[in-house]
>>> print(open('run.json').read())   # JSON, C-alpha atoms
[["chain", "number", "residue", "atom", "x", "y", "z"],
["A", 12, "MET", "CA", 76.40, 94.63, 79.70],
["A", 13, "GLY", "CA", 76.17, 93.76, 83.39],
["A", 14, "THR", "CA", 77.81, 95.46, 86.33],
["A", 15, "ILE", "CA", 80.59, 92.90, 86.71],
["A", 16, "PRO", "CA", 81.70, 93.00, 83.04],
["A", 17, "ASP", "CA", 81.55, 96.81, 83.13],
["A", 18, "ALA", "CA", 83.69, 96.88, 86.27],
["A", 19, "TRP", "CA", 86.20, 94.52, 84.66],
["A", 20, "GLU", "CA", 86.34, 96.74, 81.58],
["A", 21, "TRP", "CA", 86.98, 99.75, 83.83],
["A", 22, "LEU", "CA", 89.82, 97.94, 85.60],
["A", 23, "THR", "CA", 91.44, 96.81, 82.36],
["A", 24, "THR", "CA", 91.34, 100.27, 80.78],
["A", 25, "GLY", "CA", 94.83, 101.74, 80.89],
["A", 26, "ALA", "CA", 93.61, 105.33, 81.13],
["A", 27, "ASN", "CA", 92.06, 104.60, 84.52],
["A", 28, "TRP", "CA", 95.45, 103.63, 85.96],
["A", 29, "SER", "CA", 97.44, 106.74, 85.05],
["A", 30, "GLY", "CA", 97.39, 110.32, 86.24],
["A", 31, "GLU", "CA", 96.76, 111.81, 89.67],
["A", 32, "ALA", "CA", 93.26, 110.35, 89.75],
["A", 33, "GLY", "CA", 94.40, 106.96, 88.44],
["A", 34, "VAL", "CA", 94.56, 103.68, 90.31],
["A", 35, "ARG", "CA", 98.36, 103.71, 90.72],
["A", 36, "HIS", "CA", 98.39, 107.12, 92.41],
["A", 37, "ARG", "CA", 95.38, 106.33, 94.60],
["A", 38, "LEU", "CA", 96.89, 102.96, 95.56],
["A", 39, "ALA", "CA", 100.13, 104.65, 96.64],
["A", 40, "GLU", "CA", 98.13, 107.14, 98.73],
["A", 41, "HIS", "CA", 96.14, 104.31, 100.29],
["A", 42, "LEU", "CA", 99.23, 102.29, 101.20],
["A", 43, "TYR", "CA", 101.01, 105.33, 102.64],
["A", 44, "LEU", "CA", 98.03, 106.33, 104.78],
["A", 45, "SER", "CA", 97.44, 102.77, 105.98],
["A", 46, "GLY", "CA", 101.11, 102.23, 106.77],
["A", 47, "ILE", "CA", 101.36, 105.44, 108.80],
["A", 48, "CYS", "CA", 98.24, 104.61, 110.80],
["A", 49, "LEU", "CA", 99.29, 101.02, 111.49],
["A", 50, "ALA", "CA", 102.80, 102.09, 112.56],
["A", 51, "LEU", "CA", 101.41, 104.71, 114.96],
["A", 52, "ALA", "CA", 98.89, 102.24, 116.38],
["A", 53, "CYS", "CA", 101.66, 99.69, 117.00],
["A", 54, "ALA", "CA", 103.82, 102.33, 118.65],
["A", 55, "VAL", "CA", 100.98, 103.20, 121.02],
["A", 56, "ALA", "CA", 99.46, 99.78, 121.74],
["A", 57, "LEU", "CA", 102.32, 97.27, 121.78],
["A", 58, "PRO", "CA", 104.59, 98.87, 124.43],
["A", 59, "LEU", "CA", 101.58, 99.36, 126.72],
["A", 60, "ALA", "CA", 100.41, 95.79, 126.16],
["A", 61, "LEU", "CA", 103.87, 94.35, 126.83],
["A", 62, "TRP", "CA", 104.18, 96.36, 130.04],
["A", 63, "LEU", "CA", 100.73, 95.33, 131.27],
["A", 64, "GLY", "CA", 101.16, 91.68, 130.33],
["A", 65, "HIS", "CA", 104.67, 91.42, 131.79],
["A", 66, "GLY", "CA", 103.45, 92.47, 135.21],
["A", 67, "GLY", "CA", 103.11, 96.23, 135.22],
["A", 68, "GLY", "CA", 99.66, 96.73, 136.72],
["A", 69, "ARG", "CA", 98.55, 93.19, 135.85],
["A", 70, "ARG", "CA", 95.65, 93.43, 138.30],
["A", 71, "PHE", "CA", 93.90, 96.05, 136.22],
["A", 72, "GLY", "CA", 95.64, 95.35, 132.92],
["A", 73, "GLY", "CA", 93.16, 92.78, 131.70],
["A", 74, "ALA", "CA", 90.15, 94.92, 132.51],
["A", 75, "LEU", "CA", 91.79, 97.94, 130.90],
["A", 76, "ALA", "CA", 92.65, 96.08, 127.70],
["A", 77, "ILE", "CA", 89.19, 94.55, 127.37],
["A", 78, "ASN", "CA", 87.39, 97.82, 128.09],
["A", 79, "ILE", "CA", 89.49, 99.75, 125.58],
["A", 80, "SER", "CA", 88.90, 97.02, 123.00],
["A", 81, "ASN", "CA", 85.13, 97.02, 123.51],
["A", 82, "ALA", "CA", 84.94, 100.81, 123.48],
["A", 83, "GLY", "CA", 87.02, 101.04, 120.31],
["A", 84, "ARG", "CA", 84.86, 98.52, 118.49],
["A", 85, "ALA", "CA", 81.60, 100.05, 119.67],
["A", 86, "ILE", "CA", 82.36, 103.58, 118.45],
["A", 87, "PRO", "CA", 81.84, 103.89, 114.66],
["A", 88, "THR", "CA", 84.97, 105.06, 112.89],
["A", 89, "PHE", "CA", 82.91, 107.17, 110.52],
["A", 90, "ALA", "CA", 81.35, 109.09, 113.44],
["A", 91, "VAL", "CA", 84.80, 109.75, 114.93],
["A", 92, "LEU", "CA", 86.07, 110.91, 111.53],
["A", 93, "VAL", "CA", 83.15, 113.32, 111.09],
["A", 94, "LEU", "CA", 83.63, 114.80, 114.56],
["A", 95, "LEU", "CA", 87.36, 115.24, 114.07],
["A", 96, "THR", "CA", 86.88, 116.74, 110.61],
["A", 97, "LEU", "CA", 84.38, 119.30, 111.91],
["A", 98, "GLY", "CA", 86.68, 120.18, 114.81],
["A", 99, "PRO", "CA", 90.01, 122.04, 114.86],
["A", 100, "LEU", "CA", 91.85, 119.04, 113.40],
["A", 101, "GLY", "CA", 89.83, 119.38, 110.20],
["A", 102, "ARG", "CA", 92.19, 122.13, 109.04],
["A", 103, "HIS", "CA", 95.19, 119.80, 109.02],
["A", 104, "GLY", "CA", 94.68, 117.63, 105.95],
["A", 105, "ASP", "CA", 94.74, 113.89, 106.66],
["A", 106, "LEU", "CA", 95.24, 114.30, 110.43],
["A", 107, "PRO", "CA", 91.57, 113.57, 111.32],
["A", 108, "THR", "CA", 91.67, 110.39, 109.24],
["A", 109, "ILE", "CA", 94.97, 109.30, 110.81],
["A", 110, "VAL", "CA", 93.67, 109.84, 114.35],
["A", 111, "ALA", "CA", 90.43, 107.97, 113.62],
["A", 112, "LEU", "CA", 92.21, 105.01, 112.03],
["A", 113, "VAL", "CA", 94.79, 104.80, 114.83],
["A", 114, "LEU", "CA", 91.99, 104.70, 117.41],
["A", 115, "PHE", "CA", 90.34, 101.97, 115.33],
["A", 116, "ALA", "CA", 93.53, 99.88, 115.10],
["A", 117, "VAL", "CA", 94.62, 100.06, 118.74],
["A", 118, "PRO", "CA", 92.03, 97.65, 120.29],
["A", 119, "PRO", "CA", 93.02, 94.41, 118.48],
["A", 120, "LEU", "CA", 96.72, 95.20, 118.88],
["A", 121, "LEU", "CA", 96.43, 95.95, 122.59],
["A", 122, "THR", "CA", 94.14, 93.05, 123.44],
["A", 123, "ASN", "CA", 95.99, 90.33, 121.54],
["A", 124, "ALA", "CA", 99.45, 91.41, 122.70],
["A", 125, "TYR", "CA", 98.36, 91.71, 126.32],
["A", 126, "ILE", "CA", 96.67, 88.30, 126.37],
["A", 127, "GLY", "CA", 99.62, 86.68, 124.62],
["A", 128, "ILE", "CA", 102.12, 88.01, 127.18],
["A", 129, "ALA", "CA", 99.94, 87.57, 130.25],
["A", 130, "GLU", "CA", 98.98, 83.99, 129.39],
["A", 131, "ALA", "CA", 102.42, 82.77, 128.34],
["A", 132, "ASP", "CA", 103.25, 79.32, 129.70],
["A", 133, "ARG", "CA", 103.91, 79.96, 133.39],
["A", 134, "ASP", "CA", 106.08, 76.85, 133.74],
["A", 135, "VAL", "CA", 108.43, 78.09, 131.02],
["A", 136, "VAL", "CA", 108.46, 81.59, 132.51],
["A", 137, "GLN", "CA", 109.23, 80.28, 135.98],
["A", 138, "ALA", "CA", 112.01, 78.07, 134.63],
["A", 139, "ALA", "CA", 113.57, 81.04, 132.85],
["A", 140, "ARG", "CA", 113.31, 83.13, 135.99],
["A", 141, "GLY", "CA", 114.96, 80.36, 137.95],
["A", 142, "MET", "CA", 117.88, 80.44, 135.49],
["A", 143, "GLY", "CA", 118.56, 84.00, 136.59],
["A", 144, "MET", "CA", 117.13, 85.91, 133.63],
["A", 145, "SER", "CA", 116.44, 89.59, 134.17],
["A", 146, "ARG", "CA", 112.96, 91.04, 133.58],
["A", 147, "TRP", "CA", 114.05, 92.36, 130.17],
["A", 148, "GLN", "CA", 115.55, 89.01, 129.14],
["A", 149, "LEU", "CA", 112.45, 87.24, 130.38],
["A", 150, "LEU", "CA", 110.23, 89.48, 128.27],
["A", 151, "THR", "CA", 112.27, 89.46, 125.07],
["A", 152, "ARG", "CA", 113.59, 85.88, 125.10],
["A", 153, "VAL", "CA", 110.67, 83.99, 126.63],
["A", 154, "GLU", "CA", 107.34, 85.81, 126.79],
["A", 155, "VAL", "CA", 107.44, 87.60, 123.42],
["A", 156, "PRO", "CA", 108.40, 84.42, 121.47],
["A", 157, "LEU", "CA", 105.63, 82.50, 123.24],
["A", 158, "ALA", "CA", 103.12, 85.29, 122.50],
["A", 159, "PHE", "CA", 104.31, 85.84, 118.91],
["A", 160, "PRO", "CA", 101.43, 83.98, 117.14],
["A", 161, "LEU", "CA", 98.74, 85.86, 119.06],
["A", 162, "LEU", "CA", 100.61, 89.15, 118.74],
["A", 163, "MET", "CA", 100.86, 88.74, 114.96],
["A", 164, "THR", "CA", 97.17, 87.88, 114.80],
["A", 165, "GLY", "CA", 96.44, 91.27, 116.32],
["A", 166, "VAL", "CA", 98.73, 92.98, 113.81],
["A", 167, "ARG", "CA", 97.07, 91.19, 110.89],
["A", 168, "THR", "CA", 93.59, 92.04, 112.15],
["A", 169, "ALA", "CA", 94.48, 95.70, 112.66],
["A", 170, "ALA", "CA", 96.18, 95.94, 109.26],
["A", 171, "VAL", "CA", 93.21, 94.54, 107.36],
["A", 172, "GLN", "CA", 90.80, 96.78, 109.28],
["A", 173, "VAL", "CA", 92.90, 99.87, 108.58],
["A", 174, "VAL", "CA", 93.25, 99.08, 104.87],
["A", 175, "ALA", "CA", 89.51, 98.50, 104.51],
["A", 176, "THR", "CA", 88.50, 101.53, 106.58],
["A", 177, "ALA", "CA", 91.01, 103.93, 105.01],
["A", 178, "THR", "CA", 88.51, 104.37, 102.18],
["A", 179, "LEU", "CA", 86.69, 106.77, 104.52],
["A", 180, "ALA", "CA", 89.52, 109.24, 103.97],
["A", 181, "ALA", "CA", 87.83, 110.21, 100.73],
["A", 182, "LEU", "CA", 84.86, 111.55, 102.68],
["A", 183, "ALA", "CA", 87.20, 114.02, 104.42],
["A", 184, "ALA", "CA", 88.75, 115.13, 101.10],
["A", 185, "GLY", "CA", 91.65, 112.76, 101.59],
["A", 186, "GLY", "CA", 93.33, 110.43, 99.12],
["A", 187, "GLY", "CA", 93.34, 106.70, 98.65],
["A", 188, "LEU", "CA", 91.23, 104.19, 96.78],
["A", 189, "GLY", "CA", 88.12, 105.64, 98.39],
["A", 190, "ARG", "CA", 88.35, 108.55, 95.95],
["A", 191, "ILE", "CA", 87.64, 106.14, 93.10],
["A", 192, "ILE", "CA", 84.46, 104.99, 94.83],
["A", 193, "THR", "CA", 83.26, 108.49, 95.69],
["A", 194, "ALA", "CA", 83.99, 109.67, 92.15],
["A", 195, "GLY", "CA", 81.87, 106.81, 90.85],
["A", 196, "PHE", "CA", 79.01, 107.80, 93.14],
["A", 197, "ALA", "CA", 79.31, 111.43, 92.01],
["A", 198, "THR", "CA", 78.99, 110.48, 88.33],
["A", 199, "TYR", "CA", 76.48, 107.64, 88.87],
["A", 200, "ASP", "CA", 79.05, 105.23, 87.45],
["A", 201, "THR", "CA", 78.20, 101.92, 89.09],
["A", 202, "ALA", "CA", 81.01, 100.11, 87.29],
["A", 203, "GLN", "CA", 83.59, 102.49, 88.80],
["A", 204, "VAL", "CA", 82.11, 102.04, 92.27],
["A", 205, "VAL", "CA", 82.32, 98.25, 91.98],
["A", 206, "ALA", "CA", 85.82, 98.48, 90.56],
["A", 207, "GLY", "CA", 86.98, 100.67, 93.45],
["A", 208, "ALA", "CA", 85.43, 98.33, 96.01],
["A", 209, "THR", "CA", 87.12, 95.38, 94.31],
["A", 210, "LEU", "CA", 90.48, 97.11, 94.51],
["A", 211, "VAL", "CA", 90.06, 97.75, 98.23],
["A", 212, "ALA", "CA", 89.04, 94.14, 98.87],
["A", 213, "ALA", "CA", 91.95, 92.80, 96.81],
["A", 214, "LEU", "CA", 94.39, 95.06, 98.67],
["A", 215, "ALA", "CA", 93.07, 93.90, 102.06],
["A", 216, "LEU", "CA", 93.45, 90.25, 101.03],
["A", 217, "ALA", "CA", 96.96, 90.90, 99.73],
["A", 218, "VAL", "CA", 97.98, 92.57, 103.01],
["A", 219, "GLU", "CA", 96.54, 89.67, 104.98],
["A", 220, "GLY", "CA", 98.44, 87.18, 102.84],
["A", 221, "LEU", "CA", 101.75, 89.04, 103.11],
["A", 222, "LEU", "CA", 101.47, 89.35, 106.88],
["A", 223, "ALA", "CA", 100.57, 85.67, 107.21],
["A", 224, "LEU", "CA", 103.68, 84.81, 105.18],
["A", 225, "ALA", "CA", 105.77, 87.16, 107.33],
["A", 226, "GLN", "CA", 104.41, 85.49, 110.47],
["A", 227, "ARG", "CA", 105.39, 82.11, 109.12],
["A", 228, "LEU", "CA", 108.89, 83.24, 108.14],
["A", 229, "LEU", "CA", 109.60, 85.22, 111.31],
["A", 230, "ALA", "CA", 108.18, 82.73, 113.79],
["A", 231, "PRO", "CA", 110.67, 82.24, 116.67],
["A", 232, "GLY", "CA", 112.42, 78.89, 116.53],
["A", 233, "ARG", "CA", 111.82, 78.37, 112.82],
["A", 234, "ALA", "CA", 115.54, 78.28, 112.08],
["A", 235, "ILE", "CA", 116.06, 75.76, 114.87],
["A", 236, "ARG", "CA", 113.39, 73.43, 113.56],
["A", 237, "ARG", "CA", 115.03, 73.25, 110.14],
["A", 238, "GLY", "CA", 118.34, 71.71, 109.21],
["A", 239, "PRO", "CA", 121.02, 73.12, 106.87],
["A", 240, "ARG", "CA", 119.93, 74.61, 103.52],
["A", 241, "GLY", "CA", 116.33, 74.67, 104.66],
["A", 242, "ALA", "CA", 115.97, 70.89, 104.90],
["A", 243, "PRO", "CA", 113.87, 69.57, 107.76],
["A", 244, "ALA", "CA", 115.94, 68.49, 110.73],
["A", 245, "PRO", "CA", 116.21, 64.70, 111.07],
["A", 246, "PRO", "CA", 114.06, 63.15, 113.78],
["A", 247, "ALA", "CA", 115.74, 62.46, 117.07],
["A", 248, "ARG", "CA", 117.00, 58.93, 117.58],
["A", 249, "PRO", "CA", 114.71, 57.06, 119.98],
["A", 250, "GLN", "CA", 116.28, 56.47, 123.37],
["A", 251, "PRO", "CA", 115.96, 53.12, 125.18],
["A", 252, "ASP", "CA", 113.52, 52.88, 127.99],
["A", 253, "PRO", "CA", 115.08, 53.40, 131.45],
["A", 254, "VAL", "CA", 113.88, 49.97, 132.50],
["A", 255, "GLU", "CA", 115.63, 48.35, 129.51],
["A", 256, "ARG", "CA", 118.90, 50.12, 130.33],
["A", 257, "SER", "CA", 118.78, 48.88, 133.88],
["A", 258, "THR", "CA", 118.32, 45.26, 132.85],
["A", 259, "THR", "CA", 121.20, 45.12, 130.36]]
>>> encode(input="run.json", output="structure tokens")
Amino acid sequence: MGTIPDAWEWLTTGANWSGEAGVRHRLAEHLYLSGICLALACAVALPLALWLGHGGGRRFGGALAINISNAGRAIPTFAVLVLLTLGPLGRHGDLPTIVALVLFAVPPLLTNAYIGIAEADRDVVQAARGMGMSRWQLLTRVEVPLAFPLLMTGVRTAAVQVVATATLAALAAGGGLGRIITAGFATYDTAQVVAGATLVAALALAVEGLLALAQRLLAPGRAIRRGPRGAPAPPARPQPDPVERSTT
């Protein structure tokens, strides 16, 4: 048999899905670790990006966001994980993995959110400011809705990267789907390695799909663009040309 049929047989074997070393348990560990890291990265990056983009230090905000993004992408996550594991944090379970993944997820979140806020339509922003909106109202009611697509793109990118990279937790004696891959390497079981990699890829695609659906459902103004019971709102009735009104 070939590698692909063997991997499919491994995935369809019920015994491989049960127990502490089974797929279900490892999948739960992977989701928990990824969710914690993504939530922490959002808590660190998004408030800073909103502050910078809204005007707090805008002169150096762009350079700061770009430099942090480039530095975060240039440093290998595996190297950071090894250094943290060998240091004092290595005695605290999954903490080195969490720190490494948070550092890996911050750049796309920070960059996309900052650019989305900073480059929001200035005409709309000025009109809202002219209506007497406060800085908080301007941020929450105007700039964030305008930046929502780019902001969600950063969240989706960070989520997929975290899910895919969380497999490295297995190298630091952590949990997750990476343990299935490392166990396959340890026993020279190529089918198990391929099966584990397939599970990670499928999970990353599923997370991307769910976040894309959430972006579509939560997009600001979606409820306004649709009529009652989810039906599309009827098109506006065409208005007569001003010249025609003046001649009648």
>>> closest_residue(input="run.json", among="A:Arg84, A:Arg140, A:Arg37, A:Arg146", to="Trp62 of chain A", atoms="only C-alpha atoms")
A:Arg146
>>> closest_residue(input="run.json", among="A:Ala116, A:Met163, A:Ala197, A:Ala177", to="Leu214 of chain A", atoms="all atoms listed in the file")
A:Ala177
>>> closest_residue(input="run.json", among="A:Asp105, A:Asp200, A:Glu154, A:Glu31", to="Asp17 of chain A", atoms="only C-alpha atoms")
A:Asp200
>>> closest_residue(input="run.json", among="A:Gly46, A:Gly66, A:Gly165, A:Gly185", to="Leu92 of chain A", atoms="all atoms listed in the file")
A:Gly185
>>> closest_residue(input="run.json", among="A:Ala194, A:Ala175, A:Ala82, A:Leu114", to="Ala215 of chain A", atoms="only C-alpha atoms")
A:Ala175
>>> closest_residue(input="run.json", among="A:Gln148, A:Ser45, A:Thr164, A:Thr122", to="Gly187 of chain A", atoms="all atoms listed in the file")
A:Ser45
>>> residues_around(input="run.json", residues="Ala184 of chain A", least_positions_apart="2", cutoff="10 Å", atoms="all atoms listed in the file", output="number ranges by chain")
A: 96, 104-105, 108, 179-182, 186-187, 189-190
>>> residues_around(input="run.json", residues="Leu162 of chain A", least_positions_apart="6", cutoff="8 Å", atoms="all atoms listed in the file", output="list in words")
Leu120, Asn123, Ala124 and Gly127 of chain A
>>> atom_distance(input="run.json", atom1="atom CA of Val34 of chain A", atom2="atom CA of Arg167 of chain A")
24.2 Å
>>> atom_distance(input="run.json", atom1="atom CA of Leu49 of chain A", atom2="atom CA of Gly33 of chain A")
24.3 Å
>>> build_atoms(input="run.json", residues="segment 172-183 of chain A", atoms="all heavy atoms", output="PDB file, in the coordinates of the input")
ATOM      1  N   GLN A 172      91.825  95.804 108.931  1.00  0.00           N
ATOM      2  CA  GLN A 172      90.800  96.780 109.280  1.00  0.00           C
ATOM      3  C   GLN A 172      91.188  98.183 108.819  1.00  0.00           C
ATOM      4  O   GLN A 172      90.346  98.931 108.308  1.00  0.00           O
ATOM      5  CB  GLN A 172      90.562  96.762 110.785  1.00  0.00           C
ATOM      6  CG  GLN A 172      89.862  95.504 111.292  1.00  0.00           C
ATOM      7  CD  GLN A 172      89.662  95.519 112.796  1.00  0.00           C
ATOM      8  OE1 GLN A 172      90.217  96.352 113.509  1.00  0.00           O
ATOM      9  NE2 GLN A 172      88.876  94.587 113.292  1.00  0.00           N
ATOM     10  N   VAL A 173      92.447  98.531 108.989  1.00  0.00           N
ATOM     11  CA  VAL A 173      92.900  99.870 108.580  1.00  0.00           C
ATOM     12  C   VAL A 173      92.822 100.015 107.064  1.00  0.00           C
ATOM     13  O   VAL A 173      92.351 101.044 106.548  1.00  0.00           O
ATOM     14  CB  VAL A 173      94.323 100.122 109.091  1.00  0.00           C
ATOM     15  CG1 VAL A 173      94.922 101.347 108.412  1.00  0.00           C
ATOM     16  CG2 VAL A 173      94.325 100.322 110.592  1.00  0.00           C
ATOM     17  N   VAL A 174      93.285  99.008 106.331  1.00  0.00           N
ATOM     18  CA  VAL A 174      93.250  99.080 104.870  1.00  0.00           C
ATOM     19  C   VAL A 174      91.820  99.216 104.369  1.00  0.00           C
ATOM     20  O   VAL A 174      91.534 100.008 103.457  1.00  0.00           O
ATOM     21  CB  VAL A 174      93.927  97.832 104.260  1.00  0.00           C
ATOM     22  CG1 VAL A 174      93.641  97.750 102.768  1.00  0.00           C
ATOM     23  CG2 VAL A 174      95.426  97.873 104.503  1.00  0.00           C
ATOM     24  N   ALA A 175      90.906  98.448 104.960  1.00  0.00           N
ATOM     25  CA  ALA A 175      89.510  98.500 104.510  1.00  0.00           C
ATOM     26  C   ALA A 175      88.846  99.815 104.902  1.00  0.00           C
ATOM     27  O   ALA A 175      88.044 100.366 104.131  1.00  0.00           O
ATOM     28  CB  ALA A 175      88.742  97.321 105.102  1.00  0.00           C
ATOM     29  N   THR A 176      89.169 100.334 106.080  1.00  0.00           N
ATOM     30  CA  THR A 176      88.500 101.530 106.580  1.00  0.00           C
ATOM     31  C   THR A 176      89.129 102.811 106.053  1.00  0.00           C
ATOM     32  O   THR A 176      88.510 103.883 106.119  1.00  0.00           O
ATOM     33  CB  THR A 176      88.508 101.532 108.118  1.00  0.00           C
ATOM     34  OG1 THR A 176      88.116 100.249 108.600  1.00  0.00           O
ATOM     35  CG2 THR A 176      87.541 102.559 108.677  1.00  0.00           C
ATOM     36  N   ALA A 177      90.346 102.732 105.534  1.00  0.00           N
ATOM     37  CA  ALA A 177      91.010 103.930 105.010  1.00  0.00           C
ATOM     38  C   ALA A 177      90.264 104.533 103.826  1.00  0.00           C
ATOM     39  O   ALA A 177      90.552 105.674 103.438  1.00  0.00           O
ATOM     40  CB  ALA A 177      92.451 103.599 104.601  1.00  0.00           C
ATOM     41  N   THR A 178      89.332 103.804 103.256  1.00  0.00           N
ATOM     42  CA  THR A 178      88.510 104.370 102.180  1.00  0.00           C
ATOM     43  C   THR A 178      87.696 105.569 102.662  1.00  0.00           C
ATOM     44  O   THR A 178      87.293 106.418 101.856  1.00  0.00           O
ATOM     45  CB  THR A 178      87.559 103.302 101.621  1.00  0.00           C
ATOM     46  OG1 THR A 178      86.799 102.732 102.696  1.00  0.00           O
ATOM     47  CG2 THR A 178      88.330 102.188 100.941  1.00  0.00           C
ATOM     48  N   LEU A 179      87.450 105.646 103.983  1.00  0.00           N
ATOM     49  CA  LEU A 179      86.690 106.770 104.520  1.00  0.00           C
ATOM     50  C   LEU A 179      87.440 108.085 104.392  1.00  0.00           C
ATOM     51  O   LEU A 179      86.847 109.156 104.551  1.00  0.00           O
ATOM     52  CB  LEU A 179      86.354 106.518 105.996  1.00  0.00           C
ATOM     53  CG  LEU A 179      85.423 105.338 106.295  1.00  0.00           C
ATOM     54  CD1 LEU A 179      85.245 105.173 107.796  1.00  0.00           C
ATOM     55  CD2 LEU A 179      84.083 105.517 105.610  1.00  0.00           C
ATOM     56  N   ALA A 180      88.754 108.007 104.134  1.00  0.00           N
ATOM     57  CA  ALA A 180      89.520 109.240 103.970  1.00  0.00           C
ATOM     58  C   ALA A 180      88.972 110.101 102.846  1.00  0.00           C
ATOM     59  O   ALA A 180      89.080 111.334 102.880  1.00  0.00           O
ATOM     60  CB  ALA A 180      90.990 108.915 103.716  1.00  0.00           C
ATOM     61  N   ALA A 181      88.379 109.461 101.859  1.00  0.00           N
ATOM     62  CA  ALA A 181      87.830 110.210 100.730  1.00  0.00           C
ATOM     63  C   ALA A 181      86.684 111.117 101.158  1.00  0.00           C
ATOM     64  O   ALA A 181      86.459 112.178 100.549  1.00  0.00           O
ATOM     65  CB  ALA A 181      87.348 109.242  99.649  1.00  0.00           C
ATOM     66  N   LEU A 182      85.969 110.726 102.210  1.00  0.00           N
ATOM     67  CA  LEU A 182      84.860 111.550 102.680  1.00  0.00           C
ATOM     68  C   LEU A 182      85.352 112.814 103.365  1.00  0.00           C
ATOM     69  O   LEU A 182      84.584 113.778 103.520  1.00  0.00           O
ATOM     70  CB  LEU A 182      83.989 110.740 103.647  1.00  0.00           C
ATOM     71  CG  LEU A 182      83.390 109.455 103.061  1.00  0.00           C
ATOM     72  CD1 LEU A 182      82.592 108.712 104.118  1.00  0.00           C
ATOM     73  CD2 LEU A 182      82.508 109.781 101.849  1.00  0.00           C
ATOM     74  N   ALA A 183      86.607 112.820 103.801  1.00  0.00           N
ATOM     75  CA  ALA A 183      87.200 114.020 104.420  1.00  0.00           C
ATOM     76  C   ALA A 183      88.159 114.694 103.454  1.00  0.00           C
ATOM     77  O   ALA A 183      89.117 115.352 103.878  1.00  0.00           O
ATOM     78  CB  ALA A 183      87.927 113.625 105.700  1.00  0.00           C
TER      79      ALA A 183
END
